[in-house]
Each structure stands twice: as structure tokens, then as C-alpha cells.
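The file target-v9.txt comes next; it holds compact mmCIF, C-alpha atoms.
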```
# COMPACT_ATOMS: atom_id res chain seq x y z
CA MET I 5 17.46 98.72 -53.33
CA SER I 6 20.57 100.83 -52.77
CA LEU I 7 23.26 99.73 -50.35
CA GLN I 8 22.25 102.51 -47.95
CA LYS I 9 18.60 101.45 -47.97
CA LYS I 10 19.58 97.81 -47.55
CA THR I 11 21.82 98.66 -44.59
CA LEU I 12 19.14 100.72 -42.86
CA PHE I 13 16.49 98.07 -43.55
CA ARG I 14 18.76 95.39 -42.12
CA TYR I 15 19.53 97.58 -39.12
CA ARG I 16 15.78 98.05 -38.48
CA GLN I 17 15.27 94.30 -38.64
CA TYR I 18 17.77 93.79 -35.86
CA PHE I 19 16.67 96.82 -33.83
CA PRO I 20 13.00 97.29 -34.68
CA GLN I 21 11.87 99.24 -31.62
CA GLU I 22 14.91 101.45 -31.23
CA THR I 23 14.51 105.21 -30.85
CA LEU I 24 16.64 107.71 -32.75
CA ARG I 25 18.45 108.53 -29.52
CA GLU I 26 19.32 104.86 -28.96
CA THR I 27 20.46 104.47 -32.58
CA SER I 28 22.62 107.54 -32.15
CA ALA I 29 24.19 106.12 -28.98
CA ARG I 30 24.76 102.74 -30.60
CA THR I 31 26.31 104.02 -33.82
CA GLY I 32 28.01 107.15 -32.51
CA ILE I 33 26.24 109.25 -35.16
CA GLN I 34 24.56 112.50 -34.07
CA ILE I 35 20.82 112.16 -33.48
CA THR I 36 19.85 114.81 -36.05
CA ARG I 37 22.06 113.07 -38.58
CA VAL I 38 20.43 109.70 -37.79
CA PHE I 39 17.03 111.30 -38.41
CA ARG I 40 18.22 112.63 -41.76
CA LEU I 41 19.72 109.30 -42.78
CA PHE I 42 16.47 107.47 -42.04
CA ASN I 43 14.75 110.08 -44.20
CA GLY I 44 16.90 109.42 -47.23
CA LYS I 45 19.92 111.70 -46.82
CA THR I 46 22.98 110.13 -48.48
CA MET I 47 25.28 108.27 -46.09
CA LYS I 48 29.01 108.67 -45.74
CA VAL I 49 31.14 105.53 -45.80
CA GLY I 50 31.95 105.87 -42.09
CA GLU I 51 28.24 106.03 -41.22
CA LEU I 52 27.50 102.98 -43.32
CA GLU I 53 30.27 101.15 -41.49
CA ALA I 54 28.85 102.24 -38.13
CA PHE I 55 25.45 100.74 -38.97
CA GLU I 56 27.07 97.58 -40.33
CA ALA I 57 29.25 97.27 -37.22
CA ALA I 58 26.18 97.55 -34.95
CA VAL I 59 24.44 94.78 -36.89
CA ASN I 60 27.55 92.60 -36.89
CA LEU I 61 27.91 93.06 -33.14
CA ARG I 62 24.31 91.94 -32.66
CA ILE I 63 24.93 88.91 -34.89
CA ALA I 64 28.06 88.02 -32.94
CA GLU I 65 25.96 87.95 -29.73
CA ASN I 66 24.19 84.95 -31.21
CA PRO I 67 26.70 82.23 -32.14
CA ASN I 68 24.04 80.12 -33.87
CA MET I 69 23.74 82.81 -36.51
CA SER I 70 27.06 81.86 -38.11
CA LEU I 71 26.10 78.16 -37.90
CA LEU I 72 22.88 78.99 -39.71
CA SER I 73 24.77 80.85 -42.43
CA GLU I 74 27.11 77.87 -42.88
CA ALA I 75 24.16 75.47 -42.99
CA VAL I 76 22.42 77.58 -45.62
CA GLU I 77 25.61 77.58 -47.72
CA SER I 78 25.85 73.78 -47.62
CA ALA I 79 22.12 73.36 -48.14
CA GLY I 80 22.28 75.44 -51.32
CA ALA I 81 24.99 73.18 -52.67
CA ILE I 82 23.57 69.78 -51.68
CA LEU I 83 19.81 69.76 -51.19
CA THR I 84 17.27 69.33 -53.98
CA ASN I 85 15.11 72.21 -55.05
CA GLU I 86 12.14 70.61 -53.30
CA GLU I 87 14.05 70.28 -50.04
CA LEU I 88 15.29 73.85 -50.29
CA ALA I 89 11.67 74.97 -50.68
CA LYS I 90 10.79 73.10 -47.49
CA VAL I 91 13.66 74.61 -45.53
CA THR I 92 12.81 78.08 -46.82
CA ASP I 93 9.17 77.62 -45.91
CA TYR I 94 10.17 76.42 -42.45
CA VAL I 95 12.36 79.45 -41.79
CA GLN I 96 9.78 81.85 -43.21
CA ARG I 97 7.09 80.38 -40.96
CA LYS I 98 9.31 80.80 -37.90
CA VAL I 99 10.01 84.41 -38.83
CA LYS I 100 6.37 85.13 -39.56
CA ALA I 101 5.14 83.69 -36.29
CA ARG I 102 7.62 85.84 -34.36
CA SER I 103 6.94 88.95 -36.41
CA PHE I 104 3.25 88.90 -35.45
CA SER I 105 4.26 89.82 -31.92
CA ARG I 106 6.36 92.79 -32.97
CA MET I 107 4.77 94.37 -36.04
CA TYR I 108 2.22 97.02 -35.24
CA ILE I 109 1.12 98.22 -31.87
CA ARG I 110 -2.59 98.48 -31.46
CA ASN I 111 -3.65 101.98 -30.52
CA ASP I 112 -6.04 102.14 -27.64
CA TYR I 113 -8.25 105.16 -28.12
CA THR I 114 -10.95 104.12 -25.64
CA ASN I 115 -9.75 106.43 -22.88
CA ALA I 116 -8.32 109.09 -25.13
CA SER I 117 -9.63 112.62 -24.92
CA ILE I 118 -9.37 115.51 -27.34
CA ALA I 119 -7.25 118.29 -25.90
CA MET Q 4 5.90 81.42 -47.79
CA LYS Q 5 2.96 79.56 -49.21
CA GLY Q 6 -0.36 79.33 -47.43
CA LEU Q 7 -1.14 80.48 -43.94
CA SER Q 8 0.80 80.23 -40.73
CA SER Q 9 -0.89 78.15 -38.06
CA LEU Q 10 -1.58 81.35 -36.13
CA GLU Q 11 -3.44 82.81 -39.09
CA ARG Q 12 -5.30 79.53 -39.54
CA ALA Q 13 -6.36 79.63 -35.88
CA VAL Q 14 -7.90 83.08 -36.38
CA LEU Q 15 -9.68 81.91 -39.54
CA GLU Q 16 -11.01 78.84 -37.72
CA CYS Q 17 -12.36 81.09 -34.97
CA LEU Q 18 -14.26 83.12 -37.53
CA GLY Q 19 -15.54 80.14 -39.51
CA LYS Q 20 -18.81 81.22 -41.06
CA LYS Q 21 -19.47 83.73 -38.28
CA SER Q 22 -18.90 87.42 -38.02
CA LEU Q 23 -17.10 88.23 -34.77
CA THR Q 24 -15.93 91.33 -32.94
CA TYR Q 25 -12.27 91.76 -32.14
CA ASP Q 26 -12.82 90.74 -28.50
CA GLU Q 27 -14.66 87.59 -29.55
CA VAL Q 28 -11.84 86.60 -31.91
CA GLN Q 29 -9.33 87.23 -29.15
CA PHE Q 30 -11.33 85.19 -26.64
CA GLN Q 31 -11.81 82.30 -29.05
CA SER Q 32 -8.19 82.20 -30.18
CA GLY Q 33 -6.60 82.93 -26.82
CA LEU Q 34 -3.98 85.02 -28.61
CA HIS Q 35 -2.32 87.99 -26.98
CA GLU Q 36 -4.06 91.26 -27.83
CA ASN Q 37 -1.33 92.67 -30.10
CA VAL Q 38 -0.68 89.37 -31.83
CA CYS Q 39 -4.36 88.85 -32.54
CA PHE Q 40 -4.69 92.37 -33.92
CA ASN Q 41 -1.60 91.99 -36.11
CA ILE Q 42 -2.84 88.69 -37.53
CA LEU Q 43 -6.24 90.19 -38.33
CA GLN Q 44 -4.54 93.12 -40.05
CA ALA Q 45 -2.30 90.78 -42.06
CA LEU Q 46 -5.32 88.76 -43.18
CA ILE Q 47 -7.24 91.90 -44.10
CA ILE Q 48 -4.30 93.14 -46.19
CA ARG Q 49 -4.26 89.81 -48.05
CA GLY Q 50 -8.01 90.12 -48.65
CA ILE Q 51 -8.84 86.94 -46.74
CA ILE Q 52 -10.79 88.73 -44.02
CA ALA Q 53 -13.22 91.62 -44.37
CA THR Q 54 -14.28 94.04 -41.67
CA ASP Q 55 -16.84 96.80 -41.25
CA GLY Q 56 -14.73 98.34 -38.49
CA MET Q 57 -16.53 96.46 -35.72
CA ARG Q 58 -16.83 92.87 -36.83
CA TYR Q 59 -14.57 90.55 -38.77
CA ARG Q 60 -15.59 87.81 -41.16
CA ILE Q 61 -14.02 85.71 -43.88
CA SER Q 62 -14.33 87.45 -47.26
CA ASP Q 63 -17.17 86.16 -49.42
CA ASN Q 64 -15.33 86.42 -52.71
CA LEU Q 65 -12.00 84.73 -52.15
CA SER Q 66 -10.22 84.23 -55.46
CA PRO Q 67 -9.60 80.59 -56.47
CA LEU Q 68 -5.87 81.37 -56.24
CA ILE Q 69 -6.16 82.38 -52.58
CA GLN Q 70 -8.47 79.45 -51.85
CA GLU Q 71 -5.88 77.10 -53.31
CA GLU Q 72 -3.16 78.84 -51.31
CA ILE Q 73 -5.12 78.43 -48.08
CA ASN Q 74 -6.28 74.88 -48.63
CA GLY Q 75 -3.39 73.49 -50.68
CA MET Q 76 -1.90 70.25 -49.42
CA SER Q 77 1.72 71.43 -49.10
CA ALA Q 78 0.71 74.52 -47.14
CA LYS Q 79 -1.45 72.41 -44.82
CA LEU Q 80 1.39 69.97 -44.23
CA ALA Q 81 3.76 72.81 -43.36
CA GLU Q 82 1.13 74.16 -40.95
CA SER Q 83 0.80 70.74 -39.29
CA MET Q 84 4.57 70.61 -38.90
CA GLU Q 85 4.49 73.97 -37.10
CA ILE Q 86 1.93 72.71 -34.61
CA ILE Q 87 3.64 69.35 -34.12
CA GLU Q 88 6.91 71.11 -33.43
CA ALA Q 89 5.18 73.31 -30.88
CA VAL Q 90 3.81 70.20 -29.17
CA LEU Q 91 7.32 68.73 -29.01
CA ASP Q 92 8.71 71.99 -27.62
CA GLN Q 93 6.08 72.23 -24.88
CA PRO Q 94 7.93 72.87 -21.62
CA ASP Q 95 5.19 71.45 -19.34
CA GLY Q 96 2.81 68.56 -19.66
CA ARG Q 97 4.29 67.24 -22.88
CA ASN Q 98 2.75 63.96 -23.91
CA PHE Q 99 4.54 62.62 -26.92
CA LYS Q 100 5.51 59.05 -27.70
CA PHE Q 101 7.70 58.00 -30.58
CA ALA Q 102 8.91 54.44 -31.09
CA LYS Q 103 9.94 51.95 -33.73
CA ILE Q 104 7.63 49.04 -33.00
CA ALA Q 105 8.06 45.51 -34.25
CA MET Q 106 4.63 44.22 -35.31
CA ASP Q 107 3.56 41.01 -36.98
CA ALA Q 108 0.87 41.14 -39.66
CA ARG Q 109 -1.92 40.29 -37.20
CA ASP Q 110 -0.93 42.97 -34.72
CA GLU Q 111 -0.61 45.50 -37.51
CA LYS Q 112 -4.21 44.84 -38.52
CA ILE Q 113 -5.33 45.21 -34.90
CA PHE Q 114 -3.36 48.43 -34.59
CA LEU Q 115 -4.91 49.92 -37.74
CA ALA Q 116 -8.38 48.95 -36.48
CA MET Q 117 -7.62 50.68 -33.18
CA LEU Q 118 -6.51 53.80 -35.04
CA SER Q 119 -9.76 53.76 -36.95
CA ASN Q 120 -11.68 53.48 -33.66
CA LEU Q 121 -9.66 56.32 -32.20
CA GLU Q 122 -10.44 58.50 -35.21
CA SER Q 123 -14.20 57.92 -34.97
CA PHE Q 124 -14.08 58.54 -31.20
CA LEU Q 125 -12.30 61.86 -31.77
CA LEU Q 126 -14.74 62.89 -34.51
CA ASP Q 127 -17.71 62.15 -32.23
CA ALA Q 128 -16.11 63.96 -29.29
CA HIS Q 129 -15.42 66.99 -31.48
CA LYS Q 130 -18.93 67.08 -32.90
CA LYS Q 131 -20.40 66.89 -29.38
CA ALA Q 132 -18.27 69.60 -27.76
CA GLU Q 133 -17.54 71.91 -30.71
CA PRO Q 134 -20.18 74.57 -29.91
CA MET Q 135 -19.12 74.88 -26.25
CA VAL Q 136 -15.34 74.69 -26.43
CA PRO Q 137 -13.49 77.71 -27.85
CA LEU Q 138 -10.58 77.04 -30.19
CA LYS Q 139 -7.98 77.94 -27.57
CA ASP Q 140 -9.17 75.11 -25.27
CA ARG Q 141 -9.17 72.39 -27.92
CA LYS Q 142 -6.55 69.67 -27.95
CA VAL Q 143 -4.07 69.01 -30.71
CA VAL Q 144 -3.94 65.30 -31.49
CA PHE Q 145 -1.82 63.72 -34.18
CA TRP Q 146 -0.69 60.27 -35.16
CA GLY Q 147 1.01 58.64 -38.06
CA VAL Q 148 2.73 55.47 -39.03
CA GLY Q 149 5.32 54.52 -41.62
CA GLU Q 150 7.75 51.76 -42.42
CA VAL Q 151 11.31 52.48 -41.32
CA SER Q 152 13.00 51.44 -44.58
CA THR Q 153 10.59 53.46 -46.75
CA LEU Q 154 11.07 56.53 -44.59
CA MET Q 155 14.86 56.20 -44.59
CA HIS Q 156 14.96 55.88 -48.38
CA GLN Q 157 12.69 58.88 -48.67
CA MET Q 158 15.08 60.92 -46.51
CA ILE Q 159 18.06 59.88 -48.61
CA ARG Q 160 16.30 60.68 -51.88
CA GLY Q 161 15.42 64.09 -50.49
CA ARG Q 162 11.66 63.88 -50.71
```

Using C-alpha cells, write down the structure that the file contains.
Amino acid sequence: MSLQKKTLFRYRQYFPQETLRETSARTGIQITRVFRLFNGKTMKVGELEAFEAAVNLRIAENPNMSLLSEAVESAGAILTNEELAKVTDYVQRKVKARSFSRMYIRNDYTNASIA
Amino acid sequence: MKGLSSLERAVLECLGKKSLTYDEVQFQSGLHENVCFNILQALIIRGIIATDGMRYRISDNLSPLIQEEINGMSAKLAESMEIIEAVLDQPDGRNFKFAKIAMDARDEKIFLAMLSNLESFLLDAHKKAEPMVPLKDRKVVFWGVGEVSTLMHQMIRGR
């Protein structure tokens, strides 16, 4: 995955429900440009930094995030492979359980009419 | 992540050998509408559940690999841990006791016999009420026992 794709993917993970207008306001990039970037247009360095800065700001709102990063660093150095597998599984389960409440939105077509 | 999450397991347990509509699965599991739908979709994508558009059922031809993934011991243990943690995190009505008990050999035998009685009581109770009580209203019960020194050594060894 290219750096641009990674950045946008990461941004979407932190702001999954955000509209283009909100992304534009948060990053300071024009809305039409945001649309193009999400559709594969090549990013400028400044735009990449704007997305990164937004993500970093969100991370900074949660002080436990840096503790987690530190813990993961030490875990990688000290724990056995088996223990690392357990920790990974634990984190993945937490993430999965939460992601079920924010993945897709069920469309309700029961009261829909054809215009 | 290996195996199923406990939420996915709950949906599978609701289905069992039956074929249920979406509303029935939601009623049985007690899950929020979106969550229930997302879990069903995730299980369909993995080929664990099949649907004809109206009703959901567990796929007939689950590959041995998926069966092992679902029923494997390590995955089941991780699932139990998820549920146990949720019990500990319960904000209201938490009933959890944890203690290091000194027991002589006689009392230990009595204790193990009582555990055995408890287990058969729970099995009978479950058998009796299973058809009437939906999954969401069932109780999570767990117990376990270990020797302090063994457990400590296990923690130090990293197993």
C-alpha cells in the first residue's frame, strides 16, 4: 500500500463516519480536492501532513494511546511468541467487537417508495 | 484473530440447528439491530452462515478448517476470556468473588464434590429451561481453581 493510501486508510479508521465537508474543515483542504484525494488523485506533501496532523491530534486526545504504543514496544522485546499471540488476539477481539457497531448501516427499505 | 468473537458465537448459538429470520435472531440474541445485522453479514462473508434472503442458518458444508477454527480450544478460551472480562466490567449487579483460600486435603475434597454437584445442577437447570429461555436471558456462570504457586510459575514462564 502506498503512503497516501495508508494515510487515508488510517484517517478513515479514526474518522469513519466523517463527511467530505467535515474532512475539509478538519484538514483545511478544499472539499472538491478531498473528494479527488479519496478517489486516488496524488497527494501533495502538505496535504499528507494535514491528514497526518488530524490523526495525531485525535491520538493526542487519548493519552492511553501513547502508553499502549510503549507497552507494545516492550512486549515485542520481552514476551514470548505465544504470549504475543495472546495479546494480539486480545486486542483484535476488542477491536472486532467494537467494529460490529460501526461497520455497515442496515438500510431500511420497508417504508421506501419509488419516486 | 483466530476463531469467533463471543458476539459471533452468540449469533451462531441462537441459530443452532434452526433456520431463523433476522427478527428472530435479533430477539434471541438481544443484540442491537445494526450490530446483529453486521455480525450476520460478517458470518455470511466467512461462509459460516447461509441465507436465502429471508432466513439464516448455519451452512451445511463447513470446511474442516473452519470447523477447527470455530471449535478450536485456543479460540474458545479467548472467547471465554472476553465474556469473563465483560462480567468483571459489569457496572451494575456484578457478582464476582475471587479469593486465595487455605484448604486442608479434606476440605479440598469436599469443595471438589460441591463443584461437581453445582455442575450437575446447572446442567439439569439448563436442560429444563433451554427451550423457553432465549439466549439473551441466560446467565453466564464460570468457576475455576488452581494452586497459587503453579499459577505464579506459569505467569513467570510466560505460558

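When all atoms listed in the file are used to compute distances to chain I, the closest of the residues Q:Leu126, Q:Met158, Q:Met76, Q:Val144 turns out to be Q:Met158.
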
Would you kindly report the residues of chain Q within 9 Å of chain I, using only C-alpha atoms, as a PyMOL selection string?
chain Q and resi 4-5+7-10+35-42+45+81-82+84-85+160-162

Go ahead and save the picked residues with C-alpha atoms, as a PDB file, in the coordinates of the input.
```
ATOM      1  CA  MET Q   4       5.900  81.420 -47.790  1.00  0.00           C
ATOM      2  CA  LYS Q   5       2.960  79.560 -49.210  1.00  0.00           C
ATOM      3  CA  LEU Q   7      -1.140  80.480 -43.940  1.00  0.00           C
ATOM      4  CA  SER Q   8       0.800  80.230 -40.730  1.00  0.00           C
ATOM      5  CA  SER Q   9      -0.890  78.150 -38.060  1.00  0.00           C
ATOM      6  CA  LEU Q  10      -1.580  81.350 -36.130  1.00  0.00           C
ATOM      7  CA  HIS Q  35      -2.320  87.990 -26.980  1.00  0.00           C
ATOM      8  CA  GLU Q  36      -4.060  91.260 -27.830  1.00  0.00           C
ATOM      9  CA  ASN Q  37      -1.330  92.670 -30.100  1.00  0.00           C
ATOM     10  CA  VAL Q  38      -0.680  89.370 -31.830  1.00  0.00           C
ATOM     11  CA  CYS Q  39      -4.360  88.850 -32.540  1.00  0.00           C
ATOM     12  CA  PHE Q  40      -4.690  92.370 -33.920  1.00  0.00           C
ATOM     13  CA  ASN Q  41      -1.600  91.990 -36.110  1.00  0.00           C
ATOM     14  CA  ILE Q  42      -2.840  88.690 -37.530  1.00  0.00           C
ATOM     15  CA  ALA Q  45      -2.300  90.780 -42.060  1.00  0.00           C
ATOM     16  CA  ALA Q  81       3.760  72.810 -43.360  1.00  0.00           C
ATOM     17  CA  GLU Q  82       1.130  74.160 -40.950  1.00  0.00           C
ATOM     18  CA  MET Q  84       4.570  70.610 -38.900  1.00  0.00           C
ATOM     19  CA  GLU Q  85       4.490  73.970 -37.100  1.00  0.00           C
ATOM     20  CA  ARG Q 160      16.300  60.680 -51.880  1.00  0.00           C
ATOM     21  CA  GLY Q 161      15.420  64.090 -50.490  1.00  0.00           C
ATOM     22  CA  ARG Q 162      11.660  63.880 -50.710  1.00  0.00           C
TER      23      ARG Q 162
END
```

Test item: residues at most 12 Å from Glu71 (chain Q), all atoms listed in the file, excluding those fewer than 6 positions along its chain, as a PyMOL selection string:
chain Q and resi 5-7+65+77-79

Atomic separation - CA of Lys139 (chain Q) relative to CA of Phe30 (chain Q), Å:
8.0 Å

Neighbours of region 98-103 of chain Q within 9 Å (only C-alpha atoms; same-chain residues fewer than 4 positions away dropped), as JSON, numbers by chain?
{"Q": [90, 91, 93, 150, 151]}

If I put a ball of radius 7 Å at (29.0, 106.9, -36.4) in the file's coordinates, which residues poke into it when counting all atoms listed in the file, written as a VMD selection string?
chain I and resid 31 to 33 50 to 51 54

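With CA of Tyr59 (chain Q) on one side and CA of Glu27 (chain Q) on the other, the separation reads 9.7 Å.
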
How far is it from CA of Gly50 (chain Q) to CA of Ile69 (chain Q), in Å with one decimal?
8.9 Å

Within 9 Å of region 13-16 of chain Q, counting only C-alpha atoms, which residues qualify if same-chain residues fewer than 2 places away don't, as JSON, numbers by chain?
{"Q": [8, 9, 10, 11, 18, 19, 20, 28, 29, 31, 32, 34, 39, 42, 43, 46, 51, 52, 60, 61, 138, 139]}

Name the residues in contact with Tyr15 (chain I) at a cut-off of 10 Å, using only C-alpha atoms, excluding same-chain residues fewer than 2 positions from it; report them as a ChimeraX atom specification.
/I:9-13,17-20,22,27,55-60,62

Write out the residues from the selection above, keeping C-alpha atoms, as a JSON list (two decimals), in the coordinates of the input.
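Output (result_38.json):
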```
[["chain", "number", "residue", "atom", "x", "y", "z"],
["I", 9, "LYS", "CA", 18.60, 101.45, -47.97],
["I", 10, "LYS", "CA", 19.58, 97.81, -47.55],
["I", 11, "THR", "CA", 21.82, 98.66, -44.59],
["I", 12, "LEU", "CA", 19.14, 100.72, -42.86],
["I", 13, "PHE", "CA", 16.49, 98.07, -43.55],
["I", 17, "GLN", "CA", 15.27, 94.30, -38.64],
["I", 18, "TYR", "CA", 17.77, 93.79, -35.86],
["I", 19, "PHE", "CA", 16.67, 96.82, -33.83],
["I", 20, "PRO", "CA", 13.00, 97.29, -34.68],
["I", 22, "GLU", "CA", 14.91, 101.45, -31.23],
["I", 27, "THR", "CA", 20.46, 104.47, -32.58],
["I", 55, "PHE", "CA", 25.45, 100.74, -38.97],
["I", 56, "GLU", "CA", 27.07, 97.58, -40.33],
["I", 57, "ALA", "CA", 29.25, 97.27, -37.22],
["I", 58, "ALA", "CA", 26.18, 97.55, -34.95],
["I", 59, "VAL", "CA", 24.44, 94.78, -36.89],
["I", 60, "ASN", "CA", 27.55, 92.60, -36.89],
["I", 62, "ARG", "CA", 24.31, 91.94, -32.66]]
```

Edge lengths and centre, in Å to one decimal, as JSON: that's what I need for the box along x, y and z that holds all listed atoms of region 26-42 of chain Q plus 4 Å on each side.
```
{"center_x": -7.7, "center_y": 87.4, "center_z": -32.1, "size_x": 22.0, "size_y": 18.5, "size_z": 18.9}
```

Considering all atoms listed in the file, return as a list in words whatever protein or nucleic-acid residues lie within 7 Å of region 35-49 of chain I, sequence-local ones (same chain, fewer than 6 positions apart) excluded.
Gln8, Leu24, Arg25 and Ser28 of chain I
